[in-house]
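protein06.cif follows; it contains mmCIF, C-alpha atoms.
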```
data_my_file
#
loop_
_atom_site.label_atom_id
_atom_site.label_comp_id
_atom_site.auth_asym_id
_atom_site.auth_seq_id
_atom_site.Cartn_x
_atom_site.Cartn_y
_atom_site.Cartn_z
CA MET N 26 51.17 114.67 98.71
CA ALA N 27 54.59 116.35 98.48
CA ASN N 28 55.89 114.24 101.38
CA GLN N 29 54.63 111.08 99.73
CA ALA N 30 56.38 111.99 96.48
CA ALA N 31 59.60 112.71 98.38
CA ASP N 32 59.37 109.33 100.12
CA GLU N 33 58.94 107.55 96.80
CA THR N 34 61.95 109.40 95.35
CA ASN N 35 64.09 108.47 98.36
CA LYS N 36 63.11 104.82 98.01
CA ARG N 37 64.12 104.73 94.36
CA ALA N 38 67.38 106.48 95.23
CA LEU N 39 68.61 103.79 97.61
CA PRO N 40 72.29 102.97 97.05
CA ALA N 41 73.31 99.60 95.67
CA THR N 42 74.56 98.57 99.12
CA SER N 43 71.02 98.92 100.48
CA TRP N 44 69.72 96.67 97.73
CA ALA N 45 72.46 94.16 98.51
CA VAL N 46 71.40 93.95 102.17
CA LEU N 47 67.74 93.76 101.18
CA GLY N 48 68.73 91.02 98.75
CA LEU N 49 70.19 89.02 101.63
CA LEU N 50 66.83 89.29 103.37
CA SER N 51 64.97 88.29 100.19
CA PHE N 52 65.83 84.62 100.76
CA GLY N 53 63.05 84.64 103.34
CA GLU N 54 64.86 84.09 106.61
CA GLU N 55 64.69 86.31 109.67
CA LEU N 56 68.27 87.43 110.29
CA SER N 57 70.22 89.44 112.83
CA GLY N 58 72.91 91.92 111.85
CA TYR N 59 75.47 89.28 112.81
CA ASP N 60 73.76 86.75 110.52
CA LEU N 61 73.77 89.24 107.66
CA LYS N 62 77.48 89.85 108.14
CA LYS N 63 78.16 86.10 107.97
CA TRP N 64 75.96 85.70 104.89
CA SER N 65 77.68 88.58 103.11
CA ASP N 66 81.09 87.08 103.91
CA TRP N 67 79.91 83.77 102.44
CA SER N 68 78.85 85.29 99.14
CA LEU N 69 78.89 89.04 98.48
CA ARG N 70 82.51 89.52 99.49
CA PHE N 71 83.72 87.52 96.52
CA PHE N 72 82.33 89.85 93.89
CA TYR N 73 80.89 93.03 95.37
CA TRP N 74 81.16 94.09 99.00
CA SER N 75 82.40 92.97 102.40
CA PRO N 76 80.52 95.29 104.76
CA SER N 77 81.42 96.12 108.33
CA PHE N 78 78.84 95.63 111.08
CA SER N 79 78.31 99.39 111.25
CA GLN N 80 77.56 99.50 107.51
CA ILE N 81 75.07 96.65 107.81
CA TYR N 82 73.18 98.29 110.65
CA SER N 83 73.20 101.62 108.82
CA GLU N 84 71.62 99.96 105.78
CA LEU N 85 69.09 98.10 107.92
CA LYS N 86 68.00 101.38 109.49
CA ARG N 87 67.61 102.87 106.02
CA LEU N 88 65.56 99.89 104.86
CA GLU N 89 63.27 100.05 107.90
CA GLN N 90 62.67 103.74 107.30
CA ALA N 91 61.74 102.95 103.70
CA GLY N 92 59.29 100.27 104.86
CA TYR N 93 61.26 97.53 103.12
CA ALA N 94 62.30 95.68 106.29
CA SER N 95 60.85 95.18 109.76
CA SER N 96 62.50 94.08 112.98
CA ARG N 97 61.68 92.63 116.36
CA MET N 98 63.50 91.61 119.52
CA VAL N 99 63.80 87.90 120.28
CA ALA N 100 65.08 86.07 123.34
CA GLN N 101 68.19 83.92 122.92
CA GLU N 102 68.35 80.36 124.18
CA THR N 103 71.70 80.99 125.85
CA GLY N 104 70.15 83.46 128.29
CA THR N 105 72.16 86.40 127.02
CA ARG N 106 70.49 89.64 126.11
CA ASP N 107 67.76 89.69 123.48
CA LYS N 108 68.77 90.28 119.89
CA ARG N 109 67.10 92.19 117.08
CA VAL N 110 66.23 90.25 113.95
CA TYR N 111 65.12 91.60 110.60
CA ARG N 112 62.73 90.38 107.94
CA ILE N 113 61.88 91.70 104.50
CA THR N 114 58.38 93.15 104.10
CA ASP N 115 56.05 92.48 101.21
CA GLU N 116 56.78 96.00 99.97
CA GLY N 117 60.49 95.31 100.26
CA MET N 118 60.21 92.08 98.28
CA THR N 119 58.31 93.89 95.54
CA ALA N 120 60.90 96.68 95.51
CA VAL N 121 64.00 94.46 95.36
CA ARG N 122 62.40 92.30 92.67
CA GLU N 123 61.68 95.42 90.62
CA TRP N 124 65.22 96.71 91.18
CA ALA N 125 66.79 93.38 90.16
CA ARG N 126 64.69 93.22 87.01
CA GLU N 127 64.65 96.83 85.85
CA ALA N 128 67.52 98.88 87.30
CA PRO N 129 70.48 99.46 84.95
CA VAL N 130 73.41 97.14 85.64
CA ASP N 131 76.54 99.11 86.47
CA PRO N 132 79.66 97.86 84.68
CA PRO N 133 82.35 96.53 87.03
CA VAL N 134 85.03 99.02 88.07
CA LEU N 135 88.43 97.42 88.45
CA LYS N 136 90.70 98.85 91.15
CA HIS N 137 93.67 96.51 91.13
CA GLY N 138 96.22 97.37 93.81
CA PRO N 139 98.96 95.00 92.58
CA MET N 140 98.67 96.35 89.03
CA LEU N 141 98.83 99.93 90.29
CA ARG N 142 102.07 99.00 92.05
CA LEU N 143 103.40 97.26 88.95
CA TRP N 144 102.48 100.32 86.87
CA LEU N 145 104.88 102.19 89.15
CA GLY N 146 107.53 99.54 88.65
CA HIS N 147 110.09 102.13 87.51
CA LEU N 148 110.11 103.32 91.15
CA LEU N 149 110.61 99.87 92.67
CA GLU N 150 113.41 97.39 92.96
CA PRO N 151 112.81 94.27 90.84
CA GLU N 152 112.48 92.08 93.93
CA GLN N 153 109.73 94.35 95.29
CA MET N 154 107.69 93.84 92.14
CA ARG N 155 108.11 90.09 92.42
CA ASP N 156 107.03 90.15 96.06
CA VAL N 157 103.87 92.08 95.17
CA LEU N 158 102.90 89.50 92.57
CA VAL N 159 103.78 86.49 94.72
CA GLN N 160 101.64 87.88 97.54
CA HIS N 161 98.79 88.43 95.08
CA GLN N 162 99.15 84.84 93.86
CA GLU N 163 98.84 83.59 97.43
CA PHE N 164 95.84 85.84 98.14
CA ALA N 165 94.06 84.73 94.95
CA GLU N 166 94.58 81.06 95.74
CA LYS N 167 93.32 81.58 99.30
CA MET N 168 90.17 83.27 97.98
CA ARG N 169 89.68 80.55 95.36
CA ARG N 170 89.77 77.87 98.02
CA ARG N 171 87.38 79.83 100.21
CA ALA N 172 84.92 80.16 97.33
CA VAL N 173 85.10 76.41 96.72
CA ALA N 174 84.42 75.69 100.39
CA ASP N 175 81.51 78.14 100.58
CA ALA N 176 80.00 76.77 97.36
CA ASP N 177 80.20 73.28 98.82
CA GLY N 178 78.40 74.49 101.94
CA ALA N 179 75.62 76.06 99.85
CA LYS N 180 75.01 73.18 97.43
CA ASP N 181 72.36 71.46 99.56
CA GLU N 182 70.28 74.61 100.07
CA ALA N 183 67.84 74.96 97.17
CA SER N 184 67.22 78.67 97.74
CA TRP N 185 70.96 79.35 97.37
CA ALA N 186 71.23 77.91 93.85
CA TYR N 187 72.06 81.25 92.25
CA PRO N 188 74.43 82.46 95.00
CA ALA N 189 76.19 79.11 94.55
CA LEU N 190 76.66 79.98 90.87
CA THR N 191 78.30 83.28 91.85
CA LEU N 192 80.64 81.30 94.11
CA LYS N 193 81.52 79.09 91.14
CA TRP N 194 82.27 82.30 89.21
CA ALA N 195 84.43 83.49 92.13
CA GLU N 196 86.40 80.23 92.04
CA ARG N 197 87.14 80.76 88.34
CA TYR N 198 87.88 84.46 88.79
CA TYR N 199 90.45 83.98 91.53
CA ALA N 200 92.03 81.06 89.67
CA SER N 201 92.43 83.46 86.75
CA GLU N 202 93.94 86.13 89.02
CA ARG N 203 96.38 83.55 90.39
CA ASP N 204 97.40 82.47 86.89
CA LEU N 205 97.68 86.06 85.64
CA ALA N 206 100.04 86.86 88.51
CA ALA N 207 102.18 83.87 87.52
CA ALA N 208 102.24 85.10 83.92
CA MET N 209 103.23 88.59 85.07
CA LEU N 210 106.13 87.11 87.06
CA ASP N 211 107.33 85.50 83.83
CA ASP N 212 106.91 88.85 82.06
CA ILE N 213 109.04 90.59 84.68
CA GLU N 214 111.77 87.98 84.30
CA ALA N 215 111.68 88.42 80.53
CA LEU N 216 111.85 92.20 80.87
CA ALA N 217 114.82 91.95 83.23
CA ALA N 218 116.61 89.61 80.82
CA ASP N 219 116.06 92.01 77.92
CA ARG N 220 117.45 94.95 79.88
CA GLY N 221 120.43 93.18 81.35
CA PRO N 222 121.81 93.02 84.88
CA ASP N 223 122.40 96.77 85.20
CA ALA N 224 118.74 97.74 84.76
CA GLY N 225 117.42 98.35 88.28
CA ALA N 226 114.86 100.65 89.83
CA GLY N 227 114.07 103.65 87.65
CA ALA N 228 114.86 101.85 84.42
CA GLY N 229 112.32 102.45 81.73
CA LYS N 230 110.63 105.36 83.52
CA PRO N 231 108.36 107.57 81.37
CA ARG N 232 110.30 110.25 79.53
CA SER N 233 109.33 113.91 79.85
CA SER N 234 110.78 114.91 76.49
CA GLY N 235 111.53 113.43 73.09
CA ALA N 236 109.37 111.76 70.50
CA SER N 237 106.98 110.18 73.01
CA ALA N 238 106.27 113.46 74.80
CA ALA N 239 106.03 115.37 71.55
CA SER N 240 103.43 113.00 70.22
CA GLY N 241 101.34 113.39 73.38
CA LYS N 242 101.65 109.73 74.43
CA ARG N 243 101.36 108.88 78.11
CA PRO N 244 101.59 105.67 80.12
#
```
Go through the file and emit its structure as structure tokens.
Amino acid sequence: MANQAADETNKRALPATSWAVLGLLSFGEELSGYDLKKWSDWSLRFFYWSPSFSQIYSELKRLEQAGYASSRMVAQETGTRDKRVYRITDEGMTAVREWAREAPVDPPVLKHGPMLRLWLGHLLEPEQMRDVLVQHQEFAEKMRRRAVADADGAKDEASWAYPALTLKWAERYYASERDLAAAMLDDIEALAADRGPDAGAGAGKPRSSGASAASGKRP
């Protein structure tokens, strides 16, 4: 009885990454680890997670132990070695449906590398800040185009209707990131114009004394 209770607790305590992999299996297809990696790169990577192969197989092992997925070896038509494919179990489908409907939704946590670098702009040369933002513009546009292409590839698959909506969201999100980077470039130019040609790296750094420090204000 105690072991059964512990098993149930462990199942409920699965990390969100386990539920994401189980969610990939919930579309009903029998998939290999390689297939799951491709599927996650087509959808999950745009808004949540781009797992490595080792992470995928670790989660699959966890899901099998929980009874939420099963696997078997199948022969490949090319004559290469057999591969292991995974399928969601009835218990797994019930569990992921319950999780999707009832588990609290975690708010997104933004970790924005370019903005962290811009926040430290008083330590950079102006051209370095511009380069960071230009590179982010290019990255955002690349991701936007990838989302458009993947959404186009998913449009004829009825079971992917909702993943296709998340790809549409990704297209809009990365377009926004691209445009925000452009706006920040304009802001940097305006800041440089206000400060004059002599304001280089270190200009405007946070002060350790004076009215701002006395009032307890921090960046």
Inset, instruction - Skip stretch 48-54 of chain N itself and residues of its chain fewer than 6 positions away, then list as a ChimeraX atom specification all residues within 12 Å of it, counting only C-alpha atoms. - result: /N:41-42,60-69,81,84-85,88,93-96,110-125,182-188
Legend entry - Residue nearest N:Asp107 - candidates N:Ala208, N:Lys180, N:Ser57, N:Gly138, atoms counted: all atoms listed in the file: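 Once distances to N:Asp107 are computed over all atoms listed in the file, the minimum belongs to N:Ser57.
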Legend entry - Interatomic distance, atom CA of N:Ala179 to atom CA of N:Ala195 (Å, one decimal):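 Going from atom CA of N:Ala179 over to atom CA of N:Ala195 covers 13.9 Å.
All residues that come within 10 Å of the coordinates (110.6, 88.5, 90.8), counting all atoms listed in the file, are given as N:Glu150, N:Pro151, N:Glu152, N:Gln153, N:Met154, N:Arg155, N:Asp156, N:Val157, N:Leu158, N:Val159, N:Met209, N:Leu210, N:Asp211, N:Asp212, N:Ile213, N:Glu214, N:Ala217.
Picture a line from atom CA of N:Trp144 to atom CA of N:Trp74; it runs 25.3 Å.
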Inset, instruction - Quote the spacing between atom CA of N:Leu192 and atom CA of N:Asp175 in Å to one decimal place. - result: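 One can read the atom CA of N:Leu192 to atom CA of N:Asp175 distance as 7.3 Å.
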Inset, instruction - Would you mind telling me which residue in N:Ser201, N:Tyr73, N:Leu47, N:Arg109 lies nearest to N:Gly92 when using all atoms listed in the file? - result: N:Leu47
Legend entry - Nearest-residue call for N:Val99, choices N:Val134, N:Glu55, N:Glu196, N:Leu145, using only C-alpha atoms: N:Glu55
Legend entry - Residues returned when the PyMOL selection byres ((chain N and resi 198) around 12) runs on this file, as number ranges by chain: N: 71-72, 165-166, 168-170, 172-173, 191-197, 199-205
Legend entry - Minimum-distance residue to N:Arg142, chosen among N:His161, N:Lys167, N:Arg220, N:Lys108 (using only C-alpha atoms):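 Closest to N:Arg142, using only C-alpha atoms: N:His161.
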Inset, instruction - Determine the nearest neighbour of N:Lys86 from the options N:Gly58, N:Gln101, N:Pro132, N:Leu216, counting all atoms listed in the file. - result: N:Gly58
Could you add the missing atoms to stretch 163-176 of chain N, up to N, CA and C atoms, and return them as a short mmCIF file (atom, residue, chain, number, x, y, z; two decimals), keeping the file's coordinate frame?
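Saved to out_24.cif:
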```
data_model
loop_
_atom_site.label_atom_id
_atom_site.label_comp_id
_atom_site.auth_asym_id
_atom_site.auth_seq_id
_atom_site.Cartn_x
_atom_site.Cartn_y
_atom_site.Cartn_z
N GLU N 163 99.24 84.28 96.21
CA GLU N 163 98.84 83.59 97.43
C GLU N 163 97.45 84.02 97.87
N PHE N 164 97.17 85.33 97.78
CA PHE N 164 95.84 85.84 98.14
C PHE N 164 94.77 85.25 97.22
N ALA N 165 95.04 85.24 95.91
CA ALA N 165 94.06 84.73 94.95
C ALA N 165 93.77 83.26 95.19
N GLU N 166 94.79 82.49 95.48
CA GLU N 166 94.58 81.06 95.74
C GLU N 166 93.80 80.85 97.03
N LYS N 167 94.08 81.67 98.04
CA LYS N 167 93.32 81.58 99.30
C LYS N 167 91.84 81.88 99.06
N MET N 168 91.55 82.93 98.27
CA MET N 168 90.17 83.27 97.98
C MET N 168 89.50 82.20 97.12
N ARG N 169 90.25 81.62 96.19
CA ARG N 169 89.68 80.55 95.36
C ARG N 169 89.25 79.37 96.22
N ARG N 170 90.10 78.99 97.15
CA ARG N 170 89.77 77.87 98.02
C ARG N 170 88.58 78.19 98.92
N ARG N 171 88.51 79.43 99.37
CA ARG N 171 87.38 79.83 100.21
C ARG N 171 86.08 79.77 99.42
N ALA N 172 86.12 80.21 98.17
CA ALA N 172 84.92 80.16 97.33
C ALA N 172 84.48 78.72 97.11
N VAL N 173 85.43 77.82 96.90
CA VAL N 173 85.10 76.41 96.72
C VAL N 173 84.42 75.86 97.97
N ALA N 174 84.98 76.19 99.14
CA ALA N 174 84.42 75.69 100.39
C ALA N 174 83.02 76.24 100.63
N ASP N 175 82.82 77.54 100.35
CA ASP N 175 81.51 78.14 100.58
C ASP N 175 80.48 77.61 99.59
N ALA N 176 80.91 77.36 98.36
CA ALA N 176 80.00 76.77 97.36
C ALA N 176 79.59 75.37 97.79
#
```
